[in-house]
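As stored in query-v5.csv (CSV, C-alpha atoms):
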```csv
chain,number,residue,atom,x,y,z
A,1,MET,CA,100.1,-73.6,-50.4
A,2,LYS,CA,99.9,-73.9,-54.1
A,3,TRP,CA,100.5,-77.3,-55.8
A,4,PRO,CA,101.5,-78.1,-59.3
A,5,GLY,CA,99.2,-80.0,-61.7
A,6,SER,CA,95.9,-79.3,-63.3
A,7,HIS,CA,93.2,-81.1,-61.2
A,8,ARG,CA,93.9,-79.8,-57.8
A,9,SER,CA,90.3,-78.9,-56.7
A,10,PRO,CA,89.9,-78.8,-52.9
A,11,GLY,CA,87.5,-81.6,-52.5
A,12,VAL,CA,89.5,-84.2,-54.5
A,13,SER,CA,91.3,-86.9,-52.4
A,14,HIS,CA,92.0,-89.5,-55.1
A,15,LEU,CA,94.0,-88.3,-58.1
A,16,ILE,CA,95.9,-89.7,-61.0
A,17,ARG,CA,98.2,-87.6,-63.3
A,18,VAL,CA,100.1,-88.4,-66.5
A,19,GLN,CA,102.6,-85.7,-67.3
A,20,THR,CA,105.9,-84.9,-69.0
A,21,GLU,CA,106.9,-82.4,-66.2
A,22,ASP,CA,108.9,-83.5,-63.2
A,23,PHE,CA,107.3,-83.7,-59.8
A,24,ASP,CA,108.4,-83.0,-56.2
A,25,PRO,CA,107.7,-86.0,-54.0
A,26,GLY,CA,107.8,-83.8,-50.9
A,27,LEU,CA,105.2,-81.4,-52.3
A,28,GLU,CA,103.0,-84.3,-53.5
A,29,LEU,CA,103.0,-85.7,-49.9
A,30,GLU,CA,102.0,-82.3,-48.6
A,31,TRP,CA,99.0,-82.4,-51.0
A,32,LEU,CA,98.2,-85.9,-49.7
A,33,ARG,CA,98.4,-84.6,-46.1
A,34,SER,CA,96.2,-81.6,-46.9
A,35,ARG,CA,93.3,-84.0,-48.0
A,36,ASN,CA,93.2,-85.7,-44.6
A,37,LYS,CA,92.0,-83.1,-42.2
A,38,GLY,CA,93.4,-85.2,-39.4
A,39,GLN,CA,91.8,-88.6,-40.0
A,40,ALA,CA,95.0,-90.3,-41.3
A,41,GLY,CA,97.7,-91.7,-39.1
A,42,ALA,CA,100.0,-92.7,-41.9
A,43,MET,CA,101.3,-91.8,-45.4
A,44,VAL,CA,103.3,-94.2,-47.5
A,45,SER,CA,104.8,-93.4,-50.9
A,46,PHE,CA,106.9,-95.0,-53.6
A,47,THR,CA,109.0,-93.0,-56.0
A,48,GLY,CA,110.4,-94.8,-59.1
A,49,LEU,CA,113.6,-93.5,-60.7
A,50,VAL,CA,115.4,-94.0,-64.0
A,51,ARG,CA,118.4,-96.3,-63.4
A,52,ASP,CA,121.7,-95.7,-65.2
A,53,LEU,CA,122.2,-99.5,-65.7
A,54,ASN,CA,119.8,-102.1,-67.0
A,55,ALA,CA,120.7,-105.8,-67.9
A,56,GLY,CA,124.4,-104.9,-67.6
A,57,ASP,CA,124.2,-102.0,-70.1
A,58,THR,CA,124.7,-98.2,-69.4
A,59,VAL,CA,121.4,-96.3,-70.0
A,60,THR,CA,121.9,-92.7,-71.1
A,61,GLN,CA,118.2,-91.8,-71.7
A,62,MET,CA,114.8,-93.3,-71.2
A,63,THR,CA,111.7,-92.6,-73.3
A,64,LEU,CA,108.2,-93.4,-72.0
A,65,GLU,CA,105.4,-94.0,-74.4
A,66,HIS,CA,101.8,-94.5,-73.4
A,67,TYR,CA,98.3,-95.0,-74.7
A,68,PRO,CA,96.5,-91.7,-74.0
A,69,GLY,CA,93.0,-92.3,-72.8
A,70,MET,CA,93.5,-95.9,-71.8
A,71,THR,CA,96.3,-95.0,-69.5
A,72,GLU,CA,94.1,-92.7,-67.4
A,73,LYS,CA,91.4,-95.3,-67.3
A,74,ALA,CA,93.8,-98.0,-66.2
A,75,LEU,CA,95.3,-95.8,-63.4
A,76,GLU,CA,91.8,-94.7,-62.2
A,77,LYS,CA,90.8,-98.4,-62.1
A,78,ILE,CA,93.9,-99.3,-60.0
A,79,GLU,CA,93.2,-96.4,-57.6
A,80,GLN,CA,89.5,-97.3,-57.3
A,81,GLU,CA,90.4,-101.0,-56.6
A,82,ALA,CA,92.8,-99.9,-53.9
A,83,ASN,CA,90.2,-97.7,-52.3
A,84,GLU,CA,87.7,-100.6,-52.3
A,85,ARG,CA,90.1,-103.1,-50.7
A,86,TRP,CA,91.6,-100.8,-48.1
A,87,GLU,CA,90.4,-97.9,-45.9
A,88,LEU,CA,92.3,-95.0,-47.5
A,89,THR,CA,91.7,-91.3,-46.8
A,90,ALA,CA,93.7,-90.2,-49.9
A,91,THR,CA,95.6,-91.7,-52.9
A,92,LEU,CA,97.8,-90.3,-55.6
A,93,ILE,CA,99.4,-91.8,-58.7
A,94,ILE,CA,101.7,-89.7,-61.0
A,95,HIS,CA,103.4,-91.2,-64.0
A,96,ARG,CA,105.7,-89.3,-66.3
A,97,VAL,CA,106.0,-89.8,-70.1
A,98,GLY,CA,108.4,-88.5,-72.7
A,99,SER,CA,112.2,-88.3,-72.4
A,100,LEU,CA,113.9,-88.9,-69.1
A,101,ALA,CA,117.5,-89.1,-67.9
A,102,PRO,CA,119.1,-91.4,-65.2
A,103,ASN,CA,118.0,-90.4,-61.7
A,104,ASP,CA,114.9,-88.6,-62.9
A,105,ASN,CA,111.6,-89.4,-61.3
A,106,ILE,CA,109.3,-91.7,-63.3
A,107,VAL,CA,106.5,-92.7,-61.1
A,108,PHE,CA,105.0,-91.7,-57.7
A,109,VAL,CA,102.4,-93.7,-55.8
A,110,ALA,CA,101.2,-92.5,-52.4
A,111,THR,CA,98.5,-93.6,-49.9
A,112,ALA,CA,97.2,-92.1,-46.7
A,113,SER,CA,95.2,-94.2,-44.2
A,114,ARG,CA,94.3,-94.3,-40.5
A,115,HIS,CA,96.8,-97.1,-40.0
A,116,ARG,CA,100.2,-97.8,-41.6
A,117,LYS,CA,99.4,-101.4,-42.5
A,118,GLN,CA,96.6,-100.4,-44.9
A,119,ALA,CA,98.7,-97.6,-46.3
A,120,PHE,CA,101.7,-99.9,-47.0
A,121,LEU,CA,99.6,-102.7,-48.5
A,122,ALA,CA,97.6,-100.3,-50.7
A,123,CYS,CA,100.8,-98.5,-51.9
A,124,GLU,CA,102.5,-101.8,-52.9
A,125,PHE,CA,99.3,-103.1,-54.6
A,126,MET,CA,99.0,-99.9,-56.6
A,127,ILE,CA,102.6,-99.8,-57.9
A,128,ASP,CA,102.6,-103.6,-58.6
A,129,THR,CA,99.4,-103.4,-60.5
A,130,LEU,CA,100.5,-100.3,-62.4
A,131,LYS,CA,103.6,-102.2,-63.6
A,132,THR,CA,101.5,-105.0,-65.1
A,133,ASN,CA,98.3,-103.3,-66.2
A,134,ALA,CA,98.9,-99.7,-67.2
A,135,PRO,CA,99.8,-99.1,-70.9
A,136,PHE,CA,103.3,-97.6,-70.6
A,137,TRP,CA,106.4,-98.7,-72.6
A,138,LYS,CA,110.0,-97.8,-71.8
A,139,LYS,CA,112.6,-97.4,-74.5
A,140,GLU,CA,116.2,-97.2,-73.4
A,141,THR,CA,119.0,-95.3,-75.2
A,142,LEU,CA,122.3,-97.0,-74.8
A,143,PRO,CA,125.7,-95.8,-76.0
A,144,ASP,CA,125.3,-97.9,-79.1
A,145,GLY,CA,121.6,-97.6,-79.9
A,146,THR,CA,118.1,-98.0,-78.5
A,147,ARG,CA,116.0,-100.9,-77.3
A,148,TRP,CA,112.6,-101.5,-75.8
A,149,VAL,CA,112.6,-102.7,-72.2
A,150,GLU,CA,111.5,-106.2,-71.7
A,151,PRO,CA,108.9,-106.8,-69.0
A,152,GLY,CA,110.2,-108.1,-65.8
A,153,VAL,CA,113.8,-106.9,-66.5
A,154,SER,CA,113.3,-103.2,-65.5
A,155,GLY,CA,112.2,-102.5,-62.0
B,1,MET,CA,84.9,-97.5,-89.6
B,2,VAL,CA,87.1,-99.0,-87.0
B,3,GLN,CA,90.1,-97.2,-85.5
B,4,LEU,CA,93.2,-99.4,-85.3
B,5,ARG,CA,96.2,-98.4,-83.1
B,6,TYR,CA,99.7,-99.9,-82.6
B,7,PHE,CA,102.1,-99.1,-79.8
B,8,ALA,CA,105.8,-99.2,-78.9
B,9,SER,CA,107.9,-101.9,-80.7
B,10,LEU,CA,104.8,-102.9,-82.7
B,11,ARG,CA,104.3,-99.4,-84.0
B,12,GLU,CA,108.0,-99.4,-85.1
B,13,SER,CA,107.9,-102.8,-86.7
B,14,LEU,CA,104.7,-102.0,-88.7
B,15,GLY,CA,105.8,-98.4,-89.5
B,16,ILE,CA,102.3,-97.1,-88.5
B,17,GLY,CA,100.8,-95.9,-85.2
B,18,ASP,CA,97.1,-95.7,-86.1
B,19,GLU,CA,94.7,-96.0,-89.0
B,20,GLN,CA,91.0,-96.0,-89.8
B,21,ILE,CA,89.6,-98.8,-92.0
B,22,GLU,CA,86.2,-100.1,-93.0
B,23,LEU,CA,85.5,-103.3,-91.1
B,24,PRO,CA,86.1,-105.9,-94.0
B,25,ASP,CA,83.2,-108.0,-95.1
B,26,GLY,CA,82.8,-111.1,-93.0
B,27,ILE,CA,85.1,-109.9,-90.2
B,28,HIS,CA,83.2,-110.0,-86.8
B,29,ASP,CA,85.9,-110.7,-84.2
B,30,LEU,CA,89.4,-110.1,-83.1
B,31,PRO,CA,91.0,-113.3,-84.6
B,32,GLY,CA,89.4,-112.5,-87.9
B,33,LEU,CA,90.6,-109.0,-88.0
B,34,THR,CA,94.1,-110.0,-86.9
B,35,ARG,CA,94.3,-112.6,-89.7
B,36,TRP,CA,93.0,-110.0,-92.2
B,37,LEU,CA,95.8,-107.6,-91.1
B,38,GLN,CA,98.4,-110.4,-91.3
B,39,GLY,CA,97.4,-110.9,-94.9
B,40,ARG,CA,98.8,-107.5,-95.8
B,41,ASP,CA,102.4,-108.7,-96.1
B,42,GLU,CA,105.1,-110.7,-94.4
B,43,THR,CA,105.9,-108.0,-91.9
B,44,TRP,CA,102.3,-107.8,-90.7
B,45,ALA,CA,102.1,-111.6,-90.7
B,46,SER,CA,105.1,-112.1,-88.5
B,47,THR,CA,104.7,-109.0,-86.2
B,48,LEU,CA,101.0,-109.8,-85.3
B,49,ALA,CA,101.9,-113.5,-84.8
B,50,ASP,CA,103.7,-112.7,-81.5
B,51,SER,CA,101.7,-114.5,-78.8
B,52,ARG,CA,102.8,-112.1,-76.1
B,53,LEU,CA,100.8,-109.2,-77.7
B,54,HIS,CA,97.9,-107.7,-75.8
B,55,VAL,CA,94.8,-106.3,-77.5
B,56,ALA,CA,92.5,-103.6,-76.1
B,57,ILE,CA,89.1,-102.8,-77.6
B,58,ASN,CA,87.7,-99.4,-76.7
B,59,GLN,CA,90.7,-99.0,-74.3
B,60,GLU,CA,89.9,-102.2,-72.2
B,61,ILE,CA,92.1,-105.3,-72.4
B,62,VAL,CA,90.1,-108.1,-74.0
B,63,LYS,CA,90.3,-111.8,-74.5
B,64,PRO,CA,91.5,-113.1,-77.9
B,65,ASP,CA,88.1,-114.2,-79.1
B,66,THR,CA,86.3,-110.9,-78.5
B,67,GLY,CA,83.8,-109.6,-81.1
B,68,ILE,CA,84.4,-106.4,-83.0
B,69,THR,CA,81.7,-104.0,-84.2
B,70,ASP,CA,81.7,-100.9,-86.4
B,71,GLY,CA,83.0,-97.9,-84.4
B,72,ASP,CA,85.3,-99.8,-82.2
B,73,GLU,CA,88.9,-98.7,-81.3
B,74,VAL,CA,91.2,-101.7,-81.4
B,75,ALA,CA,94.8,-101.5,-80.2
B,76,TRP,CA,97.6,-104.0,-80.3
B,77,PHE,CA,100.7,-103.6,-78.1
B,78,PRO,CA,103.6,-105.5,-76.5
B,79,PRO,CA,103.6,-106.3,-72.7
B,80,VAL,CA,103.7,-103.1,-70.7
B,81,THR,CA,106.8,-101.9,-68.9
B,82,GLY,CA,105.8,-98.8,-67.0
B,83,GLY,CA,106.5,-97.9,-63.4
```
Could you quickly redo this structure as structure tokens?
Amino acid sequence: MKWPGSHRSPGVSHLIRVQTEDFDPGLELEWLRSRNKGQAGAMVSFTGLVRDLNAGDTVTQMTLEHYPGMTEKALEKIEQEANERWELTATLIIHRVGSLAPNDNIVFVATASRHRKQAFLACEFMIDTLKTNAPFWKKETLPDGTRWVEPGVSG
Amino acid sequence: MVQLRYFASLRESLGIGDEQIELPDGIHDLPGLTRWLQGRDETWASTLADSRLHVAINQEIVKPDTGITDGDEVAWFPPVTGG
């Protein structure tokens, strides 16, 4: 099978990607499965989507800005910390940037582990930490203008 | 030279995303540099006064009293909202 993305060397089992292109959660999980060679008993994933409503207002478009260089470092640090705290056989973080529409994929976090508990805990830790530590900023387009999303409001 | 970067709402308020400046005489730390930038005009003064802003030096979040040396990359930005 051939997977999208630029860093898909066979030996890699922990990966982060920042990209404008869409991703296919099913295909990404197949990549995660392919890293395992049978050791893992569980895969857990979180897919974040663009909502059409925020703080009571209709959102027609979402633009994601980031800090190239620091973003990758922050995501790698999150992944590294998760791998230190839990026994994981593979992890993957994908975050999109640029212009997105309601229902589009924004973010994908996935973990594989021998046991489901570790996979669940690590996946939740990674998305929660990403939301507070990784330098991304969302700007919404509403019917009557644009506004920067306030932390803690979007989810 | 130091590389200065501003992101998201901050970039829009200041009307600039990045610049290179000579580290001004007598400026050795983040509070000093921020005050120096705030001296540019009223927009800079009020925009950088926001206590919620984060600062990264060389792409790592730092404490407010961190020192700055020639060659550093210093970035100011609002709280992050990814995910």
Would you give me, as a Markdown table, each residue of range 43-67 of chain B having an atom within 12 Å of an atom of range 3-14 of chain B, along with its shortest atom pair and that distance in Å to one decimal, using only C-alpha atoms and sorting by chain and residue number?
```
| residue | atom | partner | partner_atom | distance |
| --- | --- | --- | --- | --- |
| B:Thr43 | CA | B:Leu14 | CA | 6.9 |
| B:Trp44 | CA | B:Leu14 | CA | 6.6 |
| B:Ala45 | CA | B:Leu14 | CA | 10.1 |
| B:Ser46 | CA | B:Ser13 | CA | 9.9 |
| B:Thr47 | CA | B:Ser13 | CA | 7.0 |
| B:Leu48 | CA | B:Leu10 | CA | 8.3 |
| B:Ala49 | CA | B:Leu10 | CA | 11.2 |
| B:Asp50 | CA | B:Leu10 | CA | 9.9 |
| B:Arg52 | CA | B:Leu10 | CA | 11.5 |
| B:Leu53 | CA | B:Leu10 | CA | 9.0 |
| B:His54 | CA | B:Phe7 | CA | 10.4 |
| B:Val55 | CA | B:Tyr6 | CA | 9.5 |
| B:Ala56 | CA | B:Arg5 | CA | 9.5 |
| B:Ile57 | CA | B:Leu4 | CA | 9.4 |
| B:Asn58 | CA | B:Gln3 | CA | 9.4 |
| B:Gln59 | CA | B:Arg5 | CA | 10.4 |
```
Within 9 Å of Thr111 in chain A using all atoms listed in the file, minus same-chain residues under 3 positions, as a compact mmCIF listing (two decimals) with C-alpha atoms, in the coordinates of the input:
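Everything below was put into result.txt:
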```
# COMPACT_ATOMS: atom_id res chain seq x y z
CA LEU A 32 98.20 -85.90 -49.70
CA ALA A 42 100.00 -92.70 -41.90
CA MET A 43 101.30 -91.80 -45.40
CA VAL A 44 103.30 -94.20 -47.50
CA SER A 45 104.80 -93.40 -50.90
CA LEU A 88 92.30 -95.00 -47.50
CA THR A 89 91.70 -91.30 -46.80
CA ALA A 90 93.70 -90.20 -49.90
CA THR A 91 95.60 -91.70 -52.90
CA LEU A 92 97.80 -90.30 -55.60
CA GLN A 118 96.60 -100.40 -44.90
CA ALA A 119 98.70 -97.60 -46.30
CA PHE A 120 101.70 -99.90 -47.00
CA ALA A 122 97.60 -100.30 -50.70
CA CYS A 123 100.80 -98.50 -51.90
```
Task: Expected residue set, 12 Å radius at (94.6, -110.0, -89.2), only C-alpha atoms, as an NGL selection string - done: :B and (4 or 23-24 or 27-49 or 74 or 76)
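CA of Ile93 in chain A lies 13.8 Å from CA of Phe136 in chain A.
CA of Thr81 in chain B lies 12.0 Å from CA of Met62 in chain A.
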- [ ] Considering all atoms listed in the file, state which residue in the set B:Gly26, B:Val62, B:Ala75, B:Gly67 is at the smallest distance from chain A.
- [x] B:Ala75
Some atoms are missing, so please complete range 7-28 of chain B with N, CA and C atoms and return it as a PDB file, in the coordinates of the input.
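What follows is the written file out.pdb:
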```
ATOM      1  N   PHE B   7     101.228 -99.798 -80.764  1.00  0.00           N
ATOM      2  CA  PHE B   7     102.100 -99.100 -79.800  1.00  0.00           C
ATOM      3  C   PHE B   7     103.496 -99.659 -79.714  1.00  0.00           C
ATOM      4  N   ALA B   8     104.417 -98.817 -79.310  1.00  0.00           N
ATOM      5  CA  ALA B   8     105.800 -99.200 -78.900  1.00  0.00           C
ATOM      6  C   ALA B   8     106.506 -99.957 -80.019  1.00  0.00           C
ATOM      7  N   SER B   9     107.087-101.121 -79.672  1.00  0.00           N
ATOM      8  CA  SER B   9     107.900-101.900 -80.700  1.00  0.00           C
ATOM      9  C   SER B   9     107.015-102.294 -81.856  1.00  0.00           C
ATOM     10  N   LEU B  10     105.736-102.534 -81.585  1.00  0.00           N
ATOM     11  CA  LEU B  10     104.800-102.900 -82.700  1.00  0.00           C
ATOM     12  C   LEU B  10     104.638-101.811 -83.674  1.00  0.00           C
ATOM     13  N   ARG B  11     104.470-100.597 -83.151  1.00  0.00           N
ATOM     14  CA  ARG B  11     104.300 -99.400 -84.000  1.00  0.00           C
ATOM     15  C   ARG B  11     105.571 -99.267 -84.899  1.00  0.00           C
ATOM     16  N   GLU B  12     106.743 -99.495 -84.303  1.00  0.00           N
ATOM     17  CA  GLU B  12     108.000 -99.400 -85.100  1.00  0.00           C
ATOM     18  C   GLU B  12     108.112-100.455 -86.137  1.00  0.00           C
ATOM     19  N   SER B  13     107.768-101.688 -85.756  1.00  0.00           N
ATOM     20  CA  SER B  13     107.900-102.800 -86.700  1.00  0.00           C
ATOM     21  C   SER B  13     106.938-102.591 -87.893  1.00  0.00           C
ATOM     22  N   LEU B  14     105.711-102.128 -87.605  1.00  0.00           N
ATOM     23  CA  LEU B  14     104.700-102.000 -88.700  1.00  0.00           C
ATOM     24  C   LEU B  14     104.865-100.663 -89.420  1.00  0.00           C
ATOM     25  N   GLY B  15     105.574 -99.706 -88.817  1.00  0.00           N
ATOM     26  CA  GLY B  15     105.800 -98.400 -89.500  1.00  0.00           C
ATOM     27  C   GLY B  15     104.506 -97.549 -89.461  1.00  0.00           C
ATOM     28  N   ILE B  16     103.564 -97.842 -88.542  1.00  0.00           N
ATOM     29  CA  ILE B  16     102.300 -97.100 -88.500  1.00  0.00           C
ATOM     30  C   ILE B  16     101.803 -97.077 -87.048  1.00  0.00           C
ATOM     31  N   GLY B  17     101.261 -95.944 -86.580  1.00  0.00           N
ATOM     32  CA  GLY B  17     100.800 -95.900 -85.200  1.00  0.00           C
ATOM     33  C   GLY B  17      99.256 -95.996 -85.116  1.00  0.00           C
ATOM     34  N   ASP B  18      98.551 -95.481 -86.134  1.00  0.00           N
ATOM     35  CA  ASP B  18      97.100 -95.700 -86.100  1.00  0.00           C
ATOM     36  C   ASP B  18      96.540 -95.472 -87.541  1.00  0.00           C
ATOM     37  N   GLU B  19      95.382 -96.042 -87.747  1.00  0.00           N
ATOM     38  CA  GLU B  19      94.700 -96.000 -89.000  1.00  0.00           C
ATOM     39  C   GLU B  19      93.225 -96.206 -88.835  1.00  0.00           C
ATOM     40  N   GLN B  20      92.436 -95.750 -89.800  1.00  0.00           N
ATOM     41  CA  GLN B  20      91.000 -96.000 -89.800  1.00  0.00           C
ATOM     42  C   GLN B  20      90.695 -96.887 -91.017  1.00  0.00           C
ATOM     43  N   ILE B  21      89.970 -97.973 -90.811  1.00  0.00           N
ATOM     44  CA  ILE B  21      89.600 -98.800 -92.000  1.00  0.00           C
ATOM     45  C   ILE B  21      88.095 -99.150 -91.854  1.00  0.00           C
ATOM     46  N   GLU B  22      87.507 -99.484 -92.997  1.00  0.00           N
ATOM     47  CA  GLU B  22      86.200-100.100 -93.000  1.00  0.00           C
ATOM     48  C   GLU B  22      86.336-101.511 -92.527  1.00  0.00           C
ATOM     49  N   LEU B  23      85.486-101.950 -91.601  1.00  0.00           N
ATOM     50  CA  LEU B  23      85.500-103.300 -91.100  1.00  0.00           C
ATOM     51  C   LEU B  23      85.287-104.237 -92.363  1.00  0.00           C
ATOM     52  N   PRO B  24      86.287-105.082 -92.729  1.00  0.00           N
ATOM     53  CA  PRO B  24      86.100-105.900 -94.000  1.00  0.00           C
ATOM     54  C   PRO B  24      84.932-106.819 -93.884  1.00  0.00           C
ATOM     55  N   ASP B  25      84.340-107.121 -95.042  1.00  0.00           N
ATOM     56  CA  ASP B  25      83.200-108.000 -95.100  1.00  0.00           C
ATOM     57  C   ASP B  25      83.510-109.357 -94.429  1.00  0.00           C
ATOM     58  N   GLY B  26      82.614-109.823 -93.587  1.00  0.00           N
ATOM     59  CA  GLY B  26      82.800-111.100 -93.000  1.00  0.00           C
ATOM     60  C   GLY B  26      83.651-111.153 -91.742  1.00  0.00           C
ATOM     61  N   ILE B  27      84.202-109.996 -91.364  1.00  0.00           N
ATOM     62  CA  ILE B  27      85.100-109.900 -90.200  1.00  0.00           C
ATOM     63  C   ILE B  27      84.210-109.448 -88.987  1.00  0.00           C
ATOM     64  N   HIS B  28      84.090-110.301 -87.967  1.00  0.00           N
ATOM     65  CA  HIS B  28      83.200-110.000 -86.800  1.00  0.00           C
ATOM     66  C   HIS B  28      83.945-110.071 -85.483  1.00  0.00           C
TER      67      HIS B  28
END
```
